[in-house]
Every structure is written in structure tokens, then in C-alpha cells.
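Participant: What follows is a single structure, and I will ask about it in a moment.
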Amino acid sequence: MMVRTVRNLNTKSDGGFLANWRRSFSVSRQPVIDMASKDGELRVFIVAGEVSGDNIGSRLMASLKKLSPMPIRFAGVGGLMMSNQGLKSLFPMEDISVMGIWELLPHLNKLRVNLKQTMEAALLFKPHVIVTVDSKGFSFRFLKQLRARYDQQALVSLPPHFHYVAPSFWAWKGAEKRLKALSEFIDHVFCILPFEEEVCKVHGLAATFVGHPMLEDVWELEMDATENGWIVKGNGGEFQSKHGKSSESTIITLLPGSRLQEVERMIPIFSDTMELLKDSFSELTTVVHVAPNRHVEEYVSKAVFEWPVSVVLIPGGSPQLKYDAYSASNVALCTSGTAAIELQLAQ
């Protein structure tokens, strides 16, 4: 149901996204534009901590370039895609891409250094707007400490804080009540699921539904409308031919995630699975989708080298290649996340 709703509310153009961004930005737009006009430029401090956030952040930066009535300058933290839009990251984005308490502990001191560096850079940059993208652990600490620093300095004019991708409050009981506390250091949330906007507003947090960024990846691909929503048509035959696989091959798609910690946890499980399946299929091939994360790419390349089955690595960044692989596959093993929605769109 959730996927069907998201499909139906997104269209095959960027007009909807830009219109929603304009509507959201208008919450504090005039003061921001006034200050930026005096400075002769719009300064945006933006922070993303993982591959999906880098993708969202890069699209946001590109859209802001279209919308801004004046020159725009970016600073903050991001990955390759945001770098391509003009961001010079303070440090490698992977340094703050940590999930789970046990993965966090060994990196705690480094994360504290990164947090302090990010906060000091934001204060020095004097942004007109601050945007954090997902990665709520780092993002919320950054925004909270930054707002506290502003209070200490008794600043009269504060840059608005926007957070892109609402926390998954709907995933656990009673979490909606925590949304009110976020309004102390977040001025507006950009939601990627349609029901999130109303829930945020009911609990005192300004929000706007701007659409799911995953659907932007497939706008240029061949799509069909069905009674259940859009489906993306990949070319499985072309994928098989390109990689020398016959129509009798059994192809399993593996999606281990985008963060190094989750990939390190999932790849051994997938490896054991292939070991169990190798004798059951005469032509077994695995297709491993690799996130555009330097550490992940290095780890996966080494890990699959001695797998007992044929392996095809699919680099991130090419929606067409991704959906061709989905189409050619008989089954997929997926780490929970955006990939689960992608698979529901695939045919």
C-alpha cells in the first residue's frame, strides 16, 4: 500500500519536486532572500552522511541552482555526487556513515572530532540556510549543538534548519511523540512518504511531502502504468547477453546495503547462502549491486573474489543497468531499505 501511494503521487517530471521545494522554502524564504541579497550570494551549508543522502543532497543542490535568483555557494559534508554539484566536503562522507551502537563505539572519538569540525565550519561559513540529509544520529546532534551555540551568541537572525528525510517514527510504537522535541532545533522537515507530512504537523513539526527520491532515478527509464501503479521495465535479455549468460541461467540479485558496517554483516551471510545453493543449480550466477562508497567497493571486490559461483558486480549510479539486472534475475536477496521499494517497482 505504501509503495502504491508513493508511485501514484510522483510524476515523470521534476516539476512536482521543484514546486514542493518552493512551497517549503517559502516558510522562511523572504528573510533568507533578503539576507542573501545583501551578501550578493545564497550560502547553503549541507550535510549528508551516506550514499542515499549523497544522492538526495546532489539533487537538492541541482534544484537550488535552478531556483536561486542569485549566485549560490555550498559548504558542508557529502560524497561524490554532491562533489559533482560543487561541494568541497570537509572530510570523507564515509567517516560519519556509522550505524548501530556496537559499530558506533569504536568510532566515537572520531565522530566527536567530525561533529566539532562540522559545527565550527558552519559557524565560519555564516550560511543563510542549513540542510541536513537523513543520517539522523549525526544530523540531529549537529543541529542541536549548532542551535545551542547560536543561543549562546544571542544571534538575532538565525539561519533556518531544514532536515531532508523524516525519521522513521512510524516504524516503532509511540515514536510520533518525539517529533515535537525535534522542533527545538529543526524548522522544517522534507518528507519522502506522503503520510509523514500530516503526522509531523499534528505533533508540532513543520513538514512538507516532496516525493520519494528513488522515483527520480527511474523517470528516464521505460515505465508502464498498471492498476497498482508504475512498474519499471528492465531489459533482462540484454543483461544476460552482455554478461554471457544463457536463458537457462539462474541469476540471483544480492543487495547488501550501502553502509560499510551493514555490508560487512550481510556479505558473509550471502556467501554462505551461495555455498548452500551452488550444487542445486548448474548455471548459478550472483549479481551484487555495489553502492558508490569507496570502502564498500573495496570490501565487496575482495570478499567475492573466492566465491564458489559466478559473480557480476554492478556499480552504483546507473539506474538502467540496475533495472536490467533486476529483470534478468530469478530472485533477489535484499537488505532492508530503499532497495526493497526498487524491487517492487521492477519487472
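Letters A, B, ... mark the chains of the C-alpha cells in the order given; residue numbers begin at 1 per chain; ligand numbers begin at 1, in order shown.
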Write down as a PyMOL selection string the residues belonging to segment 74-293 of chain A that are assigned alpha helix (DSSP H) by DSSP computed on the backbone.

Facilitator: chain A and resi 80-84+101-104+108-125+136-153+179-182+194-202+213-216+236-242+260-277

Participant: For Pro256 of chain A, work out the shell of residues within 12 Å, counting only C-alpha atoms and skipping chain neighbours fewer than 6 positions away, then give it as an MDAnalysis selection string.

Facilitator: chainID A and resid 262:271 287:291 296:297 299:300 313:314 332:340

Participant: Rank A:Val331, A:Ala166, A:Met223, A:Val311 by their smallest atom-to-atom distance to Ser139 of chain A, using only C-alpha atoms, and report the top residue only.

Facilitator: A:Ala166

Participant: List the spatial neighbours of Met61 of chain A as a PyMOL selection string - criterion: any atom at most 12 Å away, only C-alpha atoms, same-chain residues fewer than 6 positions off excluded.

Facilitator: chain A and resi 18+21+42-48+53-55+67-68+72-76+78+81-87+131+133

Participant: For Tyr323 of chain A, which of A:Trp307, A:Phe162, A:Trp170, A:Phe239 is the closest residue, counting only C-alpha atoms?

Facilitator: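 Looking only at the distances to Tyr323 of chain A, the closest residue turns out to be A:Phe239.
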
Participant: With only C-alpha atoms as the basis for distance, which of A:Pro127, A:Pro92, A:Gly237, A:Pro315 is at the shortest distance from Glu41 of chain A?

Facilitator: A:Pro127

Participant: What separation in Å, quoted to one decimal, exists between atom CA of Phe185 of chain A and atom CA of Pro160 of chain A?

Facilitator: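 Straight-line distance from atom CA of Phe185 of chain A to atom CA of Pro160 of chain A works out to 9.2 Å.
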
Participant: If I take atom CA of Glu184 of chain A and atom CA of Leu146 of chain A, how far is one from the other in Å, to one decimal?

Facilitator: 11.5 Å

Participant: Ranking A:Pro319, A:Pro213, A:Pro71, A:Pro194 by minimum distance to Ile33 of chain A and counting only C-alpha atoms, which one comes first?

Facilitator: A:Pro71

Participant: Give me the residues within 12 Å of Ile96 of chain A as a PyMOL selection string, counting only C-alpha atoms and dropping any in the same chain fewer than 4 places off.

Facilitator: chain A and resi 47-51+53+77-79+90-92+103-104+107-115+118+134-139+142+259-261

Participant: Using N, CA and C atoms, can you write the selected residues to a file as a JSON list (two decimals), in the first residue's frame?

Facilitator:
```
[["chain", "number", "residue", "atom", "x", "y", "z"],
["A", 47, "VAL", "N", 24.71, 18.85, 4.82],
["A", 47, "VAL", "CA", 25.40, 17.69, 5.39],
["A", 47, "VAL", "C", 24.66, 16.41, 5.03],
["A", 48, "ALA", "N", 25.38, 15.46, 4.44],
["A", 48, "ALA", "CA", 24.86, 14.12, 4.18],
["A", 48, "ALA", "C", 25.90, 13.11, 4.67],
["A", 49, "GLY", "N", 25.43, 11.97, 5.19],
["A", 49, "GLY", "CA", 26.37, 11.03, 5.79],
["A", 49, "GLY", "C", 26.38, 9.65, 5.19],
["A", 50, "GLU", "N", 25.63, 9.43, 4.12],
["A", 50, "GLU", "CA", 25.63, 8.11, 3.50],
["A", 50, "GLU", "C", 25.26, 8.24, 2.03],
["A", 51, "VAL", "N", 25.36, 7.12, 1.30],
["A", 51, "VAL", "CA", 25.19, 7.16, -0.15],
["A", 51, "VAL", "C", 23.82, 7.68, -0.55],
["A", 53, "GLY", "N", 21.88, 9.63, 1.08],
["A", 53, "GLY", "CA", 21.84, 11.05, 1.39],
["A", 53, "GLY", "C", 22.64, 11.87, 0.39],
["A", 77, "VAL", "N", 29.33, 18.64, 4.19],
["A", 77, "VAL", "CA", 29.84, 17.27, 4.10],
["A", 77, "VAL", "C", 28.99, 16.49, 3.11],
["A", 78, "GLY", "N", 29.64, 15.79, 2.22],
["A", 78, "GLY", "CA", 28.91, 14.98, 1.25],
["A", 78, "GLY", "C", 29.85, 14.04, 0.52],
["A", 79, "GLY", "N", 29.29, 13.32, -0.45],
["A", 79, "GLY", "CA", 30.07, 12.35, -1.21],
["A", 79, "GLY", "C", 30.33, 12.80, -2.63],
["A", 90, "LEU", "N", 34.12, 18.64, 3.87],
["A", 90, "LEU", "CA", 35.07, 18.90, 4.95],
["A", 90, "LEU", "C", 35.94, 17.69, 5.24],
["A", 91, "PHE", "N", 35.37, 16.50, 5.07],
["A", 91, "PHE", "CA", 36.08, 15.24, 5.27],
["A", 91, "PHE", "C", 35.30, 14.17, 4.52],
["A", 92, "PRO", "N", 35.87, 12.98, 4.32],
["A", 92, "PRO", "CA", 35.14, 11.93, 3.60],
["A", 92, "PRO", "C", 33.80, 11.62, 4.26],
["A", 103, "GLU", "N", 28.72, -0.66, 16.32],
["A", 103, "GLU", "CA", 29.57, -0.09, 15.28],
["A", 103, "GLU", "C", 30.01, 1.32, 15.65],
["A", 104, "LEU", "N", 29.17, 2.01, 16.43],
["A", 104, "LEU", "CA", 29.45, 3.40, 16.79],
["A", 104, "LEU", "C", 30.61, 3.53, 17.77],
["A", 107, "HIS", "N", 34.25, 4.20, 16.84],
["A", 107, "HIS", "CA", 34.44, 5.43, 16.06],
["A", 107, "HIS", "C", 34.02, 6.67, 16.84],
["A", 108, "LEU", "N", 33.73, 6.51, 18.12],
["A", 108, "LEU", "CA", 33.13, 7.60, 18.89],
["A", 108, "LEU", "C", 34.00, 8.85, 18.92],
["A", 109, "ASN", "N", 35.29, 8.68, 19.19],
["A", 109, "ASN", "CA", 36.18, 9.85, 19.28],
["A", 109, "ASN", "C", 36.29, 10.57, 17.93],
["A", 110, "LYS", "N", 36.39, 9.78, 16.87],
["A", 110, "LYS", "CA", 36.49, 10.38, 15.54],
["A", 110, "LYS", "C", 35.21, 11.13, 15.18],
["A", 111, "LEU", "N", 34.07, 10.56, 15.56],
["A", 111, "LEU", "CA", 32.79, 11.22, 15.28],
["A", 111, "LEU", "C", 32.67, 12.53, 16.04],
["A", 112, "ARG", "N", 33.19, 12.56, 17.26],
["A", 112, "ARG", "CA", 33.18, 13.80, 18.03],
["A", 112, "ARG", "C", 34.02, 14.87, 17.35],
["A", 113, "VAL", "N", 35.16, 14.46, 16.83],
["A", 113, "VAL", "CA", 36.02, 15.40, 16.10],
["A", 113, "VAL", "C", 35.31, 15.90, 14.85],
["A", 114, "ASN", "N", 34.68, 14.96, 14.11],
["A", 114, "ASN", "CA", 33.94, 15.34, 12.91],
["A", 114, "ASN", "C", 32.80, 16.30, 13.23],
["A", 115, "LEU", "N", 32.11, 16.03, 14.33],
["A", 115, "LEU", "CA", 30.99, 16.88, 14.73],
["A", 115, "LEU", "C", 31.46, 18.29, 15.06],
["A", 118, "THR", "N", 32.51, 20.07, 11.86],
["A", 118, "THR", "CA", 31.35, 20.47, 11.06],
["A", 118, "THR", "C", 30.69, 21.71, 11.66],
["A", 134, "ASP", "N", 19.01, 13.05, 6.03],
["A", 134, "ASP", "CA", 18.97, 11.74, 6.68],
["A", 134, "ASP", "C", 20.04, 11.65, 7.77],
["A", 135, "SER", "N", 20.67, 10.47, 7.96],
["A", 135, "SER", "CA", 21.73, 10.28, 8.96],
["A", 135, "SER", "C", 21.39, 11.00, 10.26],
["A", 136, "LYS", "N", 20.24, 10.67, 10.82],
["A", 136, "LYS", "CA", 19.71, 11.45, 11.94],
["A", 136, "LYS", "C", 20.62, 11.45, 13.15],
["A", 137, "GLY", "N", 21.40, 10.39, 13.37],
["A", 137, "GLY", "CA", 22.30, 10.36, 14.52],
["A", 137, "GLY", "C", 23.26, 11.52, 14.52],
["A", 138, "PHE", "N", 23.96, 11.70, 13.41],
["A", 138, "PHE", "CA", 24.91, 12.81, 13.28],
["A", 138, "PHE", "C", 24.18, 14.13, 13.05],
["A", 139, "SER", "N", 23.18, 14.10, 12.17],
["A", 139, "SER", "CA", 22.49, 15.34, 11.79],
["A", 139, "SER", "C", 21.83, 16.02, 12.98],
["A", 142, "PHE", "N", 24.33, 17.53, 15.36],
["A", 142, "PHE", "CA", 24.90, 18.73, 14.75],
["A", 142, "PHE", "C", 23.94, 19.91, 14.86],
["A", 259, "ARG", "N", 26.02, 1.06, 3.54],
["A", 259, "ARG", "CA", 26.97, 1.39, 4.60],
["A", 259, "ARG", "C", 27.94, 0.23, 4.78],
["A", 260, "LEU", "N", 29.20, 0.54, 5.05],
["A", 260, "LEU", "CA", 30.21, -0.50, 5.18],
["A", 260, "LEU", "C", 29.84, -1.49, 6.27],
["A", 261, "GLN", "N", 29.33, -1.00, 7.40],
["A", 261, "GLN", "CA", 29.03, -1.89, 8.52],
["A", 261, "GLN", "C", 27.97, -2.92, 8.15]]
```

Participant: Segment 156-336 of chain A: which residues are strand (DSSP E) by DSSP, as a ChimeraX atom specification?

Facilitator: /A:161-164,188-191,207-209,223-226,229-232,250-255,284-290,310-315,331-334

Participant: Can you spit out the residues from that selection as a short mmCIF file (atom, residue, chain, number, x, y, z; two decimals), in the first residue's frame, using N, CA and C atoms?

Facilitator:
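Below is the file that was written, selection.cif:
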```
data_model
loop_
_atom_site.label_atom_id
_atom_site.label_comp_id
_atom_site.auth_asym_id
_atom_site.auth_seq_id
_atom_site.Cartn_x
_atom_site.Cartn_y
_atom_site.Cartn_z
N HIS A 161 16.85 25.79 9.83
CA HIS A 161 17.36 24.42 9.76
C HIS A 161 16.33 23.54 9.06
N PHE A 162 16.72 22.96 7.93
CA PHE A 162 15.87 22.01 7.22
C PHE A 162 16.47 20.61 7.35
N HIS A 163 15.62 19.62 7.58
CA HIS A 163 16.10 18.24 7.58
C HIS A 163 15.34 17.46 6.51
N TYR A 164 16.09 16.83 5.62
CA TYR A 164 15.52 16.09 4.49
C TYR A 164 15.49 14.60 4.84
N HIS A 188 12.01 22.81 9.68
CA HIS A 188 11.14 22.22 8.66
C HIS A 188 11.73 20.88 8.22
N VAL A 189 10.84 19.92 8.00
CA VAL A 189 11.26 18.59 7.54
C VAL A 189 10.71 18.34 6.15
N PHE A 190 11.56 17.80 5.27
CA PHE A 190 11.11 17.36 3.95
C PHE A 190 10.85 15.86 4.03
N CYS A 191 9.60 15.47 3.82
CA CYS A 191 9.20 14.07 3.95
C CYS A 191 9.20 13.38 2.59
N ALA A 207 6.37 20.49 8.19
CA ALA A 207 6.83 19.47 7.25
C ALA A 207 6.16 19.63 5.90
N THR A 208 6.83 19.12 4.87
CA THR A 208 6.29 19.10 3.51
C THR A 208 6.68 17.80 2.83
N PHE A 209 5.71 17.14 2.21
CA PHE A 209 5.99 15.95 1.41
C PHE A 209 6.54 16.39 0.06
N MET A 223 8.73 2.89 -18.48
CA MET A 223 7.80 2.57 -17.40
C MET A 223 6.41 2.30 -17.96
N ASP A 224 5.68 1.45 -17.26
CA ASP A 224 4.30 1.16 -17.63
C ASP A 224 3.40 1.45 -16.44
N ALA A 225 2.22 1.99 -16.73
CA ALA A 225 1.24 2.24 -15.67
C ALA A 225 0.31 1.03 -15.57
N THR A 226 0.12 0.52 -14.36
CA THR A 226 -0.79 -0.58 -14.12
C THR A 226 -1.81 -0.13 -13.08
N GLY A 229 -0.11 0.88 -9.97
CA GLY A 229 0.90 1.93 -10.00
C GLY A 229 1.91 1.69 -11.12
N TRP A 230 3.04 2.41 -11.05
CA TRP A 230 4.06 2.30 -12.08
C TRP A 230 4.93 1.07 -11.87
N ILE A 231 5.39 0.49 -12.99
CA ILE A 231 6.42 -0.54 -12.94
C ILE A 231 7.52 -0.13 -13.91
N VAL A 232 8.75 -0.49 -13.58
CA VAL A 232 9.90 -0.15 -14.41
C VAL A 232 10.31 -1.39 -15.20
N THR A 250 20.41 -19.43 -13.76
CA THR A 250 19.68 -18.96 -12.58
C THR A 250 20.45 -17.78 -12.02
N ILE A 251 19.82 -16.64 -12.00
CA ILE A 251 20.50 -15.40 -11.58
C ILE A 251 19.86 -14.90 -10.29
N ILE A 252 20.71 -14.67 -9.30
CA ILE A 252 20.25 -14.17 -8.01
C ILE A 252 20.86 -12.79 -7.77
N THR A 253 20.01 -11.81 -7.57
CA THR A 253 20.48 -10.46 -7.26
C THR A 253 20.70 -10.33 -5.75
N LEU A 254 21.82 -9.75 -5.39
CA LEU A 254 22.15 -9.53 -3.98
C LEU A 254 22.32 -8.04 -3.73
N LEU A 255 21.63 -7.53 -2.74
CA LEU A 255 21.71 -6.11 -2.39
C LEU A 255 22.12 -6.00 -0.92
N LEU A 284 24.53 -21.15 -11.98
CA LEU A 284 24.15 -20.17 -10.96
C LEU A 284 25.07 -18.95 -11.03
N THR A 285 24.45 -17.79 -11.11
CA THR A 285 25.20 -16.52 -11.14
C THR A 285 24.61 -15.58 -10.10
N THR A 286 25.48 -14.89 -9.40
CA THR A 286 25.02 -13.86 -8.47
C THR A 286 25.37 -12.48 -9.03
N VAL A 287 24.45 -11.57 -8.86
CA VAL A 287 24.66 -10.18 -9.28
C VAL A 287 24.67 -9.34 -8.02
N VAL A 288 25.82 -8.77 -7.69
CA VAL A 288 25.97 -7.99 -6.47
C VAL A 288 25.95 -6.51 -6.81
N HIS A 289 25.00 -5.79 -6.27
CA HIS A 289 24.90 -4.35 -6.51
C HIS A 289 25.75 -3.62 -5.46
N VAL A 290 26.70 -2.84 -5.94
CA VAL A 290 27.70 -2.21 -5.07
C VAL A 290 27.44 -0.71 -4.98
N SER A 310 29.67 -17.87 -10.07
CA SER A 310 29.98 -16.73 -10.92
C SER A 310 29.37 -15.46 -10.31
N VAL A 311 30.15 -14.36 -10.33
CA VAL A 311 29.71 -13.11 -9.72
C VAL A 311 29.83 -11.97 -10.73
N VAL A 312 28.77 -11.18 -10.82
CA VAL A 312 28.77 -9.96 -11.62
C VAL A 312 28.57 -8.79 -10.67
N LEU A 313 29.49 -7.84 -10.68
CA LEU A 313 29.37 -6.67 -9.82
C LEU A 313 28.74 -5.52 -10.61
N ILE A 314 27.70 -4.93 -10.03
CA ILE A 314 27.01 -3.81 -10.66
C ILE A 314 27.33 -2.54 -9.88
N PRO A 315 28.07 -1.62 -10.48
CA PRO A 315 28.40 -0.38 -9.76
C PRO A 315 27.18 0.51 -9.60
N VAL A 331 15.47 -14.21 -8.56
CA VAL A 331 15.14 -13.91 -7.17
C VAL A 331 16.14 -12.88 -6.66
N ALA A 332 15.77 -12.18 -5.60
CA ALA A 332 16.67 -11.18 -5.02
C ALA A 332 16.72 -11.35 -3.51
N LEU A 333 17.92 -11.19 -2.95
CA LEU A 333 18.11 -11.16 -1.50
C LEU A 333 18.49 -9.73 -1.15
N CYS A 334 17.71 -9.11 -0.29
CA CYS A 334 17.82 -7.66 -0.12
C CYS A 334 17.95 -7.27 1.34
#
```

Participant: I want to know what sits within 12 Å of Leu155 of chain A, based on only C-alpha atoms, with residues of the same chain fewer than 6 positions away left out; could you give that as a VMD selection string?

Facilitator: chain A and resid 123 126 146 to 149

Participant: Need to verify the contact set: Ile192 of chain A, 7 Å, only C-alpha atoms, exclusion of same-chain residues closer than 6 positions in sequence. Can you return it as a list in words?

Facilitator: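 The neighbour list is Val165, Phe209, Val210, Gly211 and His212 of chain A.
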
Participant: Please determine, counting only C-alpha atoms, which residue among A:Met274, A:Ala175, A:Leu321, A:Val304 has the shortest atom-to-atom distance to Gly236 of chain A.

Facilitator: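 Ranking A:Met274, A:Ala175, A:Leu321, A:Val304 by distance to Gly236 of chain A, first place goes to A:Leu321.
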